[in-house]
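Novice: Sharing a structure below in structure tokens format, with a few things to ask.
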Amino acid sequence: MLPVTADDHLPGPVAVLANPTAGRGRHRALLPQLLERLAAGGRPVRLLPVSSPAEAEAVCRAAVADGAGALVAVGGDGTVHRALQAVAGTDVPFGPIPAGTGNDFALDVGFPADPLAAAAVIAEAVRDGRSRPVDLARMVGVDGAERWYGAVLAAGFDAIVNERANRMRWPRGPSRYELAILVELARMRPRRYTLRLDGVPQDMDAVLVAVGNCPTYGGGMRICPDADPTDGLLDVVVAGPVDRRTLVRVKPRIYEGTHVRHPMVYSFRARTVELAAEGITSYADGERSLELPVTISAVPGALRLLR
């Protein structure tokens with residue numbers, strides 16, 4: 001899509017949400033340089049005061065309500081996910097600066113992997129009053145709760161592993177996730193999923209289900225390799241009732257996106273996906289989200305990117 005330009009797109013300051021613990025803090029010292037780089041866009045830059053991840057979303061919403069001309073998120077996919085809740089469906093443009101462990105959304109929509117380079121791209125767009133529309137996915141639960149996401153919704157084995165890891169208090173760090181994988185592999189069983197793709201039922205037994213607006217999740221795994229955040233569609237990838245050995249053998253192929261060639265992996269594309277299964281809490285952009293059942297819709301141009 002062509003960029004949109006207008007003199008009044010950035011009437012207020014550039015609000016910045018920064019997660020100092022993203023990427024285990026390896027980019028924390030860069031924050032002053034990032035703010036300086038953003039200020040080169042010619043707009044006032046305001047660092048949002050945030051003391052906890054739970055507070056980040058509310059602070060972003062308040063900044064948008066108070067007239068922020070743009071919102072920038074410095075961190076990984078979790079930080080981006082919280083910021084998206086404030087700008088989705090609005091005319092406030094957004095810029096992600098990849099500084100986390102997983103930066104899937106920022107990289108999938110074309111921002112440089114280097115944080116300073118991404119800040120320079122955003123500053124140039126601010127200076128020129130330029131933004132580009134991209135799609136987001138909107139999910140709604142049975143109780144009417146609504147969440148937006150930019151990359152991928154996990155609603156199968158990966159979501160179950162995340163749920164297990166989040167309940168564990170030991171060990172700390174990446175080994176906790178690795179242990180959760182081992183525990184859930186031992187317990188793994190196919191579950192019955194009820195899908196409706198643009199109203200057409202596709203019921204099946206599966207161990208992995210992903211609904212992508214973008215191709216990647218988990219720090220570069222191309223789970224939905226053909227997903228395009230500008231086509232107005234969602235890509236759905238389902239791994240059928242495979243056993244543990246097959247899943248372990250196929251999973252590394254996700255990094256290249258070649259897992260979709262396996263005869264037990266199915267791919268679909270739809271504007272609206274209704275997804276139901278017993279006992280599954282979904283994870284969107286790597287963040288704990290809504291319990292199934294949910295309805296997910298592609299919303300064309302729901303986000304304006306500072307690119």
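We label chains A, B, ... in the order they appear in the structure tokens, count residues from 1 in each chain, and number ligands from 1 in the order shown.
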Mind checking which residues fall within 7 Å of segment 73-82 of chain A, counting only C-alpha atoms, ignoring those fewer than 4 positions away in the same chain, and posting them as a ChimeraX atom specification?
Specialist: /A:16-19,22,56-57,95-105,149,285-287
Novice: Between A:Val250, A:Cys60, A:Glu124, A:Asp135, which is the closest to Arg43 of chain A once you count only C-alpha atoms?
Specialist: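 Ranked by minimum distance to Arg43 of chain A, first place goes to A:Glu124.
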Novice: Which residues of segment 225-299 of chain A come within 10 Å of segment 198-210 of chain A, and for each one, what is the closest pair of atoms and their distance in Å to one decimal, counting only C-alpha atoms, sorted by chain and residue number, as JSON lines?
Specialist:
{"residue": "A:Leu234", "atom": "CA", "partner": "A:Ala210", "partner_atom": "CA", "distance": 9.9}
{"residue": "A:Asp235", "atom": "CA", "partner": "A:Ala210", "partner_atom": "CA", "distance": 8.1}
{"residue": "A:Val236", "atom": "CA", "partner": "A:Ala210", "partner_atom": "CA", "distance": 5.7}
{"residue": "A:Val237", "atom": "CA", "partner": "A:Ala210", "partner_atom": "CA", "distance": 5.3}
{"residue": "A:Val238", "atom": "CA", "partner": "A:Val209", "partner_atom": "CA", "distance": 4.6}
{"residue": "A:Ala239", "atom": "CA", "partner": "A:Leu208", "partner_atom": "CA", "distance": 5.0}
{"residue": "A:Gly240", "atom": "CA", "partner": "A:Ala206", "partner_atom": "CA", "distance": 4.0}
{"residue": "A:Pro241", "atom": "CA", "partner": "A:Ala206", "partner_atom": "CA", "distance": 4.7}
{"residue": "A:Val242", "atom": "CA", "partner": "A:Val207", "partner_atom": "CA", "distance": 7.0}
{"residue": "A:Asp243", "atom": "CA", "partner": "A:Val207", "partner_atom": "CA", "distance": 8.8}
{"residue": "A:Arg244", "atom": "CA", "partner": "A:Val207", "partner_atom": "CA", "distance": 9.6}
{"residue": "A:Leu247", "atom": "CA", "partner": "A:Val207", "partner_atom": "CA", "distance": 8.6}
{"residue": "A:Met264", "atom": "CA", "partner": "A:Ala206", "partner_atom": "CA", "distance": 9.3}
{"residue": "A:Val265", "atom": "CA", "partner": "A:Leu208", "partner_atom": "CA", "distance": 9.1}
{"residue": "A:Tyr266", "atom": "CA", "partner": "A:Val209", "partner_atom": "CA", "distance": 9.6}
{"residue": "A:Ser267", "atom": "CA", "partner": "A:Ala210", "partner_atom": "CA", "distance": 9.7}
{"residue": "A:Phe268", "atom": "CA", "partner": "A:Gln202", "partner_atom": "CA", "distance": 9.9}
{"residue": "A:Arg269", "atom": "CA", "partner": "A:Asp198", "partner_atom": "CA", "distance": 9.1}
{"residue": "A:Ala270", "atom": "CA", "partner": "A:Asp198", "partner_atom": "CA", "distance": 5.9}
{"residue": "A:Arg271", "atom": "CA", "partner": "A:Asp198", "partner_atom": "CA", "distance": 6.2}
{"residue": "A:Thr272", "atom": "CA", "partner": "A:Asp198", "partner_atom": "CA", "distance": 5.1}
{"residue": "A:Val273", "atom": "CA", "partner": "A:Asp198", "partner_atom": "CA", "distance": 6.4}
{"residue": "A:Glu274", "atom": "CA", "partner": "A:Gly199", "partner_atom": "CA", "distance": 8.1}
{"residue": "A:Leu275", "atom": "CA", "partner": "A:Val209", "partner_atom": "CA", "distance": 9.4}
{"residue": "A:Ala276", "atom": "CA", "partner": "A:Asp203", "partner_atom": "CA", "distance": 9.5}
{"residue": "A:Ala277", "atom": "CA", "partner": "A:Asp205", "partner_atom": "CA", "distance": 9.9}
{"residue": "A:Ser282", "atom": "CA", "partner": "A:Ala210", "partner_atom": "CA", "distance": 9.6}
{"residue": "A:Tyr283", "atom": "CA", "partner": "A:Ala210", "partner_atom": "CA", "distance": 9.6}
{"residue": "A:Ala284", "atom": "CA", "partner": "A:Ala210", "partner_atom": "CA", "distance": 9.6}
{"residue": "A:Ser297", "atom": "CA", "partner": "A:Asp198", "partner_atom": "CA", "distance": 9.5}
Novice: Got a sec to tell me which of segment 45-292 of chain A DSSP assigns to alpha helix (DSSP H), as a PyMOL selection string?
Specialist: chain A and resi 53-65+77-87+104-108+115-128+157-167+174-187+244-250
Novice: Can you list, as a PyMOL selection string, all residues belonging to segment 45-215 of chain A that DSSP tags as strand (DSSP E)?
Specialist: chain A and resi 45-47+70-75+94-98+130-141+146-149+152-154+191-197+200-201+204-206+208-212
Novice: Could you check the closest approach to Arg304 of chain A for each of A:Leu182, A:Ala227, A:Ala125, A:Val152 and tell me which residue wins, using only C-alpha atoms?
Specialist: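 Among the listed residues, A:Ala125 lies closest to Arg304 of chain A.
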Novice: Need to verify the contact set: segment 69-72 of chain A, 7 Å, only C-alpha atoms, exclusion of same-chain residues closer than 6 positions in sequence. Can you return it as a list in words?
Specialist: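 In the requested form, the answer reads His9, Leu10, Pro11, Gly12, Pro13, Val14, Ala15, Val16, Leu17, Val92, Pro93, Phe94, Gly95 and Pro96 of chain A.
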Novice: Please, what distance in Å, to one decimal, runs between atom CA of Glu184 of chain A and atom CA of Arg138 of chain A?
Specialist: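 Distance between the two atoms: 28.5 Å.
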Novice: Write out as a ChimeraX atom specification which residues come within 10 Å of Leu179 of chain A when counting only C-alpha atoms, dropping same-chain ones fewer than 5 positions away.
Specialist: /A:161,164-165,168,170-171,174,184-185
Novice: Would you mind exporting C-alpha atoms of the selected residues as a JSON list (two decimals), in the first residue's frame?
Specialist:
[["chain", "number", "residue", "atom", "x", "y", "z"],
["A", 161, "VAL", "CA", 3.55, -24.97, 26.87],
["A", 164, "ARG", "CA", 2.65, -24.46, 31.82],
["A", 165, "ALA", "CA", 5.81, -22.29, 31.87],
["A", 168, "MET", "CA", 6.17, -22.72, 37.05],
["A", 170, "TRP", "CA", 11.40, -23.03, 38.98],
["A", 171, "PRO", "CA", 13.74, -23.03, 37.15],
["A", 174, "PRO", "CA", 14.96, -20.16, 29.29],
["A", 184, "GLU", "CA", 3.77, -31.18, 27.93],
["A", 185, "LEU", "CA", 5.30, -33.49, 25.33]]
Novice: I need the residue nearest Val121 of chain A from this list: A:Asp226, A:Ile160, A:Thr216, A:Gly41. Use only C-alpha atoms for the distance.
Specialist: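 Going through A:Asp226, A:Ile160, A:Thr216, A:Gly41 one by one, the smallest distance to Val121 of chain A is for A:Gly41.
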Novice: Quote the spacing between atom CA of Leu31 of chain A and atom CA of Leu47 of chain A in Å to one decimal place.
Specialist: 10.0 Å
Novice: Would you work out the distance separating atom CA of Gly150 of chain A from atom CA of Glu291 of chain A, expressed in Å to one decimal?
Specialist: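 That distance, rounded to one decimal, is 18.1 Å.
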